[in-house]
Amino acid sequence: MIAQQIINAVSLGGVYALLALGLAIVFSIVGLINFAHGELMTLSGYALLAALVFGLPFPLAVLVAVSCGALAAVAMERVAFRPMRDASVTSLLLTSFAVSSLLKVVFQNGISARPQAVAMPGWMTGAFSFGDFTIGVGPSISIVVSALALIALELFLRRTVTGTAMRAAAEDFNVVRLMGIPASRIIATAFLLSGLLAGLAAMLWVAQRASVDPLMGFTPVLKAFIAAVVGGLGSLPGAVAGGFLLGIIEVLLQATLPAAVAPYRDAIVLSGVIAVLLVRPQGLIPAVRVQRS
Amino acid sequence: MLSVEALKIRYGEVEAVRRVDLAVDSGEIIALVGANGAGKSSTLGAIAGLVPAASGKVVFDGVDITGLAPEAIARKGVSLVPEGRRIFAGLTVADNLRLGGAVHLSAPEARAREEEMLDLFPILRRYHRAKGGNLSGGEQQMLAIARALMGKPRMVLLDEPSLGLAPQLIDTVFDLIAELRRTGLTILLVEQNVALALEIADRAIVLANGEVVLSGTAKELASSDLVRQAYLGA
Ligand SMILES: Nc1ncnc2c1ncn2[C@@H]1O[C@H](COP(=O)(O)OP(=O)(O)OP(=O)(O)O)[C@@H](O)[C@H]1O
Ligand SMILES: [Mg+2]
């Protein structure tokens, strides 16, 4: 029981961490909170549904769905954000709101406002047993996938030139351009990574629920946003820490709160967030960023 | 090699640079001097593409580069060492250098060039794996210059390389600039330390309130009354 709860907590935290990382990567480079991040997740969910309905084998369907998230993110940057490169951050924020609302309407009217069932393979809902412990297959896969994604991202950022340039751009974008590295390459990569992470998170989210709906991305991305703020907006280690912290606290409260207080779970979590920010306004692991006019 | 014609720069209502004309020939060191707020950094920024020109023209190697993106100008071989160094504090010295050569050199070329830079700046070899932010001000200045040289630029724009350095270090930096010049590099040097700048430069340009008020060979300027009174404290 306790083992199962811990697994659930880490698995939920992993999903929040992936989403928070996606938000943080884009924020660290462009200074934009992408409100349409949730819709990238929803879109990947629908892409999975469509791929399965078309009869693709499950692993291939997942690949297609995650790629759709990544491509959609790049397309979003091209179409909505790149023309506004020199606009203020407020205009960018409003644009991302607009993109988010537009996509929601497209999902609602183009597909359906109601949840669509996704036929997940049966083994996903199975469980391992070790003596007295029973551990769900779904949450375990979720943990493994999140961990692999975090490691791969870390390697990319540390070992490749583009990854290094992205860490540098988070500190001082203009100087990266002075090195001859194109701004558009850095920004496109940031969106690509955020879309990949949103796509992966969507797979893990759908795997636990076996359905997609037009608002699917809203709640997890809201949580991820909170996680990113708690961790230190724009800080990648902070986003991961915030994501896991939030996931773990949610599941813990879920498991331990008496029934009478349970409806206030989110309120309790948010009070905790406010408390953290009062003590550490820059978040748990603040981002390094050179502020220039 | 580089010519700036009737450059004007505005920040909103403020006219930071009213009119700057200058020309730098291949292999020369030109010093651009003037008081705080004269418009020196803005001029370098406009050449490097960081600051938009309100009017006027920047021509490099016969090509009009006005209004090009900073990355495009960097690829043409113009490298700015910005005011205040602006090294990447969270990256290692090695990574700072690697980015400097990222788009200009192939991987083996970059490794060879990095070795050259580490020979030129031995202190950087010692701190190769350290974070840029942990270096002292002088070491950061060396790193900023080395990073700008990584991509084998044909011209460097140095913005106040002596700022905040101890006198001994200033000498080291200026010896280095003289050394770079001997390798054929073309240098546009912005300096507050006018005496030092005139010692090392071939020609110099004096800016005041966004306009060129005086220009000539370094020798001429060093003996001009205006420069002696206003900048050399004589
Ligand atoms: N980003 C900016 N926004 C508004 N005004 C600016 C900006 N940058 C510079 N200025 C103004 O333009 C003028 C010229 O500035 P600039 O930095 O080019 O001078 P400088 O000669 O380099 O001075 P210093 O020796 O202090 O570095 C100054 O009055 C400055 O206040
Ligand atoms: Mg200046």
# chains A, B, ... in the order shown; residues from 1 in each chain; ligands from 1
>>> residues_near_ligand(ligand="ligand 1", cutoff="9 Å", atoms="only C-alpha atoms and all ligand atoms", output="NGL selection string")
(:A and (292-293)) or (:B and (9-17 or 33-45 or 51 or 83 or 159-160 or 190-192 or 207-210))
>>> residues_around(residues="Ser271 (chain A)", least_positions_apart="6", cutoff="12 Å", atoms="only C-alpha atoms", output="PDB file with N, CA and C atoms, in the first residue's frame")
ATOM      1  N   ILE A 226       2.847  25.847 -11.578  1.00  0.00           N
ATOM      2  CA  ILE A 226       3.093  26.073 -10.151  1.00  0.00           C
ATOM      3  C   ILE A 226       4.438  25.458  -9.753  1.00  0.00           C
ATOM      4  N   VAL A 230       7.571  27.394  -8.128  1.00  0.00           N
ATOM      5  CA  VAL A 230       8.135  26.997  -6.839  1.00  0.00           C
ATOM      6  C   VAL A 230       9.617  26.670  -6.995  1.00  0.00           C
ATOM      7  N   TYR A 264     -10.228  20.106   0.082  1.00  0.00           N
ATOM      8  CA  TYR A 264      -9.373  21.294   0.175  1.00  0.00           C
ATOM      9  C   TYR A 264      -7.932  20.984  -0.204  1.00  0.00           C
ATOM     10  N   ARG A 265      -7.721  19.802  -0.791  1.00  0.00           N
ATOM     11  CA  ARG A 265      -6.350  19.400  -1.087  1.00  0.00           C
ATOM     12  C   ARG A 265      -5.588  20.462  -1.880  1.00  0.00           C
ATOM     13  N   LEU A 277       7.160  30.560  -1.488  1.00  0.00           N
ATOM     14  CA  LEU A 277       7.547  31.775  -2.200  1.00  0.00           C
ATOM     15  C   LEU A 277       7.778  32.949  -1.240  1.00  0.00           C
ATOM     16  N   LEU A 278       7.107  32.914  -0.080  1.00  0.00           N
ATOM     17  CA  LEU A 278       7.361  33.972   0.904  1.00  0.00           C
ATOM     18  C   LEU A 278       8.777  33.847   1.436  1.00  0.00           C
TER      19      LEU A 278
END
>>> residues_around(residues="Ala3 (chain A)", least_positions_apart="6", cutoff="9 Å", atoms="only C-alpha atoms", output="PyMOL selection string")
chain A and resi 133-135
>>> write_last_selection(atoms="C-alpha atoms", output="PDB file, in the first residue's frame")
ATOM      1  CA  PHE A 133       3.868  -5.519  -2.478  1.00  0.00           C
ATOM      2  CA  THR A 134       1.841  -4.914  -5.597  1.00  0.00           C
ATOM      3  CA  ILE A 135       3.076  -2.253  -7.970  1.00  0.00           C
TER       4      ILE A 135
END
>>> interface_residues(of="chain A", to="chain B", cutoff="7 Å", atoms="only C-alpha atoms", output="list in words")
Val161, Ala165, Ala168, Glu171, Arg177, Leu178, Met179, Gly180, Ile181 and Pro182 of chain A
>>> closest_residue(among="B:Val59, B:Leu32, B:Leu169, B:Leu105", to="ligand 2", atoms="only C-alpha atoms and all ligand atoms")
B:Leu32
>>> residues_around(residues="region 208-217 of chain A", least_positions_apart="5", cutoff="9 Å", atoms="only C-alpha atoms", output="PyMOL selection string")
chain A and resi 37-43+45-46+49+103-108+111-120+124-125+138-139+202-203+222
